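Enquirer: For reference, the structure I am asking about is given below.
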Amino acid sequence: MPLTLDQLNTAPLSEAMQMLDGLYEHSPWIAERALAQRPFVSLAQLKHAMTRVLDDAGIEPQLALIRAHPELAGKAMVSKTLTAESTNEQTKAGLTNCTPEEFAHIQQLNADYNARFGFPFILAVRGPRGTGLSKAQIIEAFERRVHGHPDFERQECLRNIHRIAEIRLNDKFGFEPVDGQQVWDWQEKLAQHSDAGYAEKGQLTVTYLTDAHRACAQRISHWMKDCGFDEIEIDAVGNVVGRYRPAAPDAKYLLTGSHYDTVRNGGKYDGRLGIFVPMACVQKLHAASKRLPFGIEVVAFAEEEGQRYKATFLGSGALTGHFDPAWLDQKDADGITMREAMRHAGLCVDDIPQLQRDPLQYLGFIEVHIEQGPVLNELNLPLGIVTSINGSVRYLGEVIGMASHAGTTPMDRRRDAAAAVAELILYAEQRAAQDGDSVATVGMLQVPNGSINVVPGSCKFSLDMRAPTNAQRDALAREVLAKLTEICERRSLRHSLEETMRAAAAPSAPDWQSRWERSLDALGVPLHRMPSGAGHDAMKLHEIMPQAMLFVRGENSGISHNPLESSTADDMDLAVKAFAHVLEQLSTEQH
Ligand SMILES: [Zn+2]
């Protein structure tokens with residue numbers, strides 16, 4: 001019989017500890033301390049409480065816990081002295097029937113890893129979906145992580161231990177994140193379509209209106225049909241639009257969605273998660289024959305990443321009336337104009353202006369997106385509240401000094417352009433850090449025609465600065481640029497600077513942000529508010545209606561625009577629940 005949360009909340013401590021026995025390898029104290037915080041409203045809340053116990057315990061108990069774990073496919077497995085939980089997990093991953101070569105390779109990795117870090121390699125072998133990583137995936141992760149940084153690896157082992165505990169807890173409570181698994185599976189299936197040249201290498205690349213891109217649109221539209229959307233269409237720019245009608249015909253719609261195109265060799269969840277989470281909600285409403293006092297319009301945006309053409313946010317831009325007709329004459333790397341690509345896809349360019357939405361017909365826009373950063377992962381939090389999409393400003397600059405002989409020019413006579421930019425970089429780093437939530441990056445740096453024996457006479461650089469409000473961004477930019485002037489004057493250098501991009505910050509609408517916050521409260525997920533460092537479709541919709549975003553934790557330190565991008569079925573399940581809760585709140589408000 002699976003346990004219930006009610007039983008756990010009401011049992012005497014010793015019995016409750018018994019219920020949580022074995023979650024953390026040989027470490028019942030973690031469950032014991034977390035149980036002091038009963039009652040829990042959800043398993044998610046209990047899981048987080050246990051991560052906090054371990055965080056607060058400090059490094060020594062953390063290392064002891066890591067060392068309490070058996071090696072993967074190690075001696076304990078061979079001599080059959082693993083705990084029942086570990087045996088089950090290692091067997092499921094196929095580690096108990098390695099070939100002799102695989103076994104030897106894993107033993108070598110075990111030895112290397114242990115020699116480097118002083119603790120065993122820990123991996124939640126049941127993986128992000130909970131149904132098991134393949135042997136190849138396990139070995140790949142091992143090979144990658146053996147090169148990690150010691151501090152990072154300790155944390156990464158702890159995160160894997162929490163993931164192992166999460167799955168063990170689910171098993172005890174007979175809980176399966178079925179909605180999250182559904183969303184997970186859609187993403188897996190959609191990732192089977194990849195552009196020519198990348199598909200062969202097993203990489204995911206889906207750029208605007210390629211064969212793979214159009215296949216994705218078809219797939220999404222069919223799944224929308226299966227979910228029970230009433231109207232489904234692929235619009236004039238290739239957005240897939242599904243509408244689930246309201247109870248009363250003239251009611252407003254909630255607009256939601258995200259993009260299905262990807263960067264080159266990207267991840268499976270960026271964008272797509274925000275399409276499938278609301279689809280899972282509509283599927284449930286339809287299955288229950290339930291209509292809400294408002295309609296739901298889910299848009300799978302055709303283009304957000306600006307990969308094939310320099311037309312970022314093309315999909316959402318079409319909805320806000322910002323499709324720039326000049327884009328149509330842009331050519332891709334093969335010389336195909338966007339106009340030709342659209343004609344080839346059967347899209348009607350003349351219909352694009354009609355895609356513009358009337359904000360009066362909508363309640364607002366919400367978007368779920370994978371965080372694409374390390375913050376939630378480090379905090380052991382599945383979901384995060386977005387306060388604002390950062391405003392940004394970009395410059396291309398050049399500092400000009402005097403190229404001179406590296407051997408004969410004394411240090412106090414130099415006009416070194418690169419040293420000046422180096423000084424600027426360090427200032428920008430420190431000045432942005434001062435704000436707490438601003439970022440500044442010099443991503444491009446070049447000494448044109450530089451030589452090993454010449455003092456740099458010129459240094460070209462880029463400068464990208466972002467902050468949650470326009471005012472904060474502008475203050476940051478002002479001070480960094482003033483510093484550049486000061487540095488150049490002091491060092492007798494000249495400089496030029498060109499602003500190449502400026503995007504306004506998109507702060508979340510307070511009432512919409514509160515709805516996300518209430519839904520996390522109801523789920524027992526502690527609130528963490530954070531700005532979005534990356535741009536999203538919500539930024540475009542922000543121009544015509546209120547918006548707010550929800551972030552979902554990314555695994556592997558939240559890496560994104562990378563095949564290692566990942567999230568778990570459990571986190572996706574919580575995202576579906578959070579979305580459904582917002583729908584519930586809106587339903588009560590609309591009555
Ligand atoms: Zn995205």
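Going by the structure tokens order, chains are called A, B, ..., each with residues numbered from 1, while ligands are numbered from 1 in the order shown.
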Within 6 Å of Gly364 (chain A), counting only C-alpha atoms, which residues qualify if same-chain residues fewer than 3 places away don't, as a list in words?

Expert: Leu254, Met545, Pro546 and Gln547 of chain A

Enquirer: Enumerate residues in contact with ligand 1: an atom-to-atom distance of at most 9 Å, counting only C-alpha atoms and all ligand atoms. Format the result as a PyMOL selection string.

Expert: chain A and resi 258-262+269-272+274+304-305+369-370+372+534-537+561

Enquirer: So which residues touch region 22-38 of chain A within 6 Å, counting only C-alpha atoms, skipping near sequence neighbours fewer than 3 positions away, as a PyMOL selection string?

Expert: chain A and resi 9+49-50+165+168

Enquirer: Just to confirm, what's the straight-line distance from CA of Lys172 (chain A) to CA of Asp21 (chain A) in Å (one decimal)?

Expert: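 Computed distance, CA of Lys172 (chain A) to CA of Asp21 (chain A), equals 9.7 Å.
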
Enquirer: Do you know which residues are at most 8 Å from Lys577 (chain A) counting only C-alpha atoms, after dropping those on the same chain fewer than 4 positions away, and could you put them as a JSON list (two decimals) with N, CA, C and O atoms, in the first residue's frame?

Expert:
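part21.json, freshly written:
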[["chain", "number", "residue", "atom", "x", "y", "z"],
["A", 523, "LEU", "N", 1.17, 24.77, -4.19],
["A", 523, "LEU", "CA", 1.90, 23.53, -4.45],
["A", 523, "LEU", "C", 2.97, 23.24, -3.38],
["A", 523, "LEU", "O", 3.62, 22.21, -3.41],
["A", 573, "ASP", "N", 6.00, 18.22, -14.29],
["A", 573, "ASP", "CA", 4.70, 17.91, -13.70],
["A", 573, "ASP", "C", 4.24, 19.06, -12.79],
["A", 573, "ASP", "O", 3.08, 19.46, -12.81],
["A", 581, "HIS", "N", -3.31, 25.60, -11.85],
["A", 581, "HIS", "CA", -3.76, 26.41, -10.71],
["A", 581, "HIS", "C", -4.04, 27.84, -11.14],
["A", 581, "HIS", "O", -5.00, 28.46, -10.67]]

Enquirer: Taking the backbone alone, and naming residues the way the document does, which bits of region 7-162 of chain A are alpha helix (DSSP H) by DSSP, as a ChimeraX atom specification?

Expert: /A:7-10,13-19,28-35,43-57,59-67,75-78,84-92,100-117,135-145,150-162

Enquirer: Which is closest to Phe173 (chain A) among A:Leu5, A:Leu583, A:Ile385, A:Val525, if we use only C-alpha atoms?

Expert: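 Looking only at the distances to Phe173 (chain A), the closest residue turns out to be A:Leu5.
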
Enquirer: I want to know what sits within 7 Å of region 287-295 of chain A, based on only C-alpha atoms, with residues of the same chain fewer than 4 positions away left out; could you give that as a PyMOL selection string?

Expert: chain A and resi 244-248+251-254+283+587+590

Enquirer: Can you list, as a short mmCIF file (atom, residue, chain, number, x, y, z; two decimals) with C-alpha atoms, in the first residue's frame, every protein, DNA or RNA residue that comes within 12 Å of Arg67 (chain A) when you count only C-alpha atoms, leaving out same-chain residues fewer than 4 positions away?

Expert:
data_model
loop_
_atom_site.label_atom_id
_atom_site.label_comp_id
_atom_site.auth_asym_id
_atom_site.auth_seq_id
_atom_site.Cartn_x
_atom_site.Cartn_y
_atom_site.Cartn_z
CA TYR A 24 19.05 9.06 1.76
CA GLU A 25 21.65 6.28 1.83
CA HIS A 26 22.44 5.40 5.49
CA SER A 27 21.42 8.94 6.57
CA GLU A 60 31.45 17.46 6.38
CA PRO A 61 28.04 15.76 6.69
CA GLN A 62 27.54 16.36 2.96
CA LEU A 63 30.78 14.58 2.14
CA GLU A 71 30.38 3.09 -6.56
CA ASN A 114 37.73 8.98 -6.65
CA PHE A 117 37.60 14.24 -5.79
CA GLY A 118 37.95 11.88 -2.85
CA PHE A 119 34.37 10.66 -3.11
CA PRO A 120 32.46 8.31 -5.39
CA PHE A 121 30.67 9.41 -8.54
CA ILE A 122 26.96 9.78 -7.91
CA ARG A 154 30.37 17.93 -4.75
CA CYS A 157 26.65 14.71 -6.45
CA LEU A 158 24.33 16.18 -3.81
CA ILE A 161 21.38 12.35 -4.33
#

Enquirer: Pick out the closest residue to Arg116 (chain A) from this set: A:Val237, A:Met342, A:Glu101, A:Glu153. Count only C-alpha atoms.

Expert: A:Glu153

Enquirer: Sorted by chain and rising residue number, list the residues of region 150-204 of chain A at most 9 Å from region 123-131 of chain A (counting only C-alpha atoms), each with its closest atom pair and distance in Å to one decimal, as CSV.

Expert:
residue,atom,partner,partner_atom,distance
A:Glu156,CA,A:Leu123,CA,8.7
A:Cys157,CA,A:Leu123,CA,6.9
A:Arg159,CA,A:Ala124,CA,8.9
A:Asn160,CA,A:Ala124,CA,5.2
A:Ile161,CA,A:Ala124,CA,6.8
A:His162,CA,A:Ala124,CA,8.6
A:Arg163,CA,A:Ala124,CA,6.2
A:Ile164,CA,A:Ala124,CA,5.2
A:Ile167,CA,A:Gly130,CA,6.8
A:Glu176,CA,A:Gly130,CA,9.0
A:Pro177,CA,A:Arg129,CA,9.0
A:Gly180,CA,A:Arg129,CA,8.5
A:Gln181,CA,A:Arg129,CA,6.6
A:Trp184,CA,A:Arg129,CA,7.2
A:Asp185,CA,A:Arg129,CA,8.9

Enquirer: Pick from A:Met530, A:Val183, A:Leu169, A:Leu46: nearest to Asp437 (chain A), with only C-alpha atoms counted?

Expert: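 Comparing A:Met530, A:Val183, A:Leu169, A:Leu46 against Asp437 (chain A), the winner is A:Met530.
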
Enquirer: Considering only C-alpha atoms, return as a list in words whatever protein or nucleic-acid residues lie within 6 Å of Ala406 (chain A), sequence-local ones (same chain, fewer than 4 positions apart) excluded.

Expert: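 Residues meeting the cut-off are Asn453, Val454 and Val455 of chain A.
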
Enquirer: Restrict the selected residues to all heavy atoms and save them as a PDB file, in the first residue's frame.

Expert:
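This is the output file selection_10.pdb:
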ATOM      1  N   ASN A 453      55.036  40.395 -30.594  1.00  0.00           N
ATOM      2  CA  ASN A 453      56.068  41.352 -30.166  1.00  0.00           C
ATOM      3  C   ASN A 453      55.676  42.813 -30.424  1.00  0.00           C
ATOM      4  O   ASN A 453      56.518  43.661 -30.594  1.00  0.00           O
ATOM      5  CB  ASN A 453      57.397  41.032 -30.859  1.00  0.00           C
ATOM      6  CG  ASN A 453      57.257  41.032 -32.374  1.00  0.00           C
ATOM      7  OD1 ASN A 453      56.144  41.193 -32.878  1.00  0.00           O
ATOM      8  ND2 ASN A 453      58.358  40.873 -33.077  1.00  0.00           N
ATOM      9  N   VAL A 454      54.370  43.059 -30.491  1.00  0.00           N
ATOM     10  CA  VAL A 454      53.902  44.425 -30.725  1.00  0.00           C
ATOM     11  C   VAL A 454      52.894  44.821 -29.641  1.00  0.00           C
ATOM     12  O   VAL A 454      51.974  44.062 -29.331  1.00  0.00           O
ATOM     13  CB  VAL A 454      53.248  44.558 -32.120  1.00  0.00           C
ATOM     14  CG1 VAL A 454      52.685  45.970 -32.313  1.00  0.00           C
ATOM     15  CG2 VAL A 454      54.249  44.230 -33.213  1.00  0.00           C
ATOM     16  N   VAL A 455      53.084  46.012 -29.052  1.00  0.00           N
ATOM     17  CA  VAL A 455      52.101  46.552 -28.112  1.00  0.00           C
ATOM     18  C   VAL A 455      50.818  46.831 -28.901  1.00  0.00           C
ATOM     19  O   VAL A 455      50.885  47.491 -29.949  1.00  0.00           O
ATOM     20  CB  VAL A 455      52.624  47.862 -27.477  1.00  0.00           C
ATOM     21  CG1 VAL A 455      51.560  48.495 -26.582  1.00  0.00           C
ATOM     22  CG2 VAL A 455      53.904  47.607 -26.697  1.00  0.00           C
TER      23      VAL A 455
END

Enquirer: Using Å and a single decimal, report how far CA of Arg308 (chain A) sits from CA of Ser438 (chain A).

Expert: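 For CA of Ser438 (chain A) relative to CA of Arg308 (chain A), the distance reads 29.7 Å.
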
Enquirer: Enumerate the residues of region 387-585 of chain A with a DSSP assignment of strand (DSSP E), computed from the backbone, and present them as a ChimeraX atom specification.

Expert: /A:387-389,391-400,404-405,439-441,445-446,454-455,458-467,494-503,506-507,529-532,547-552
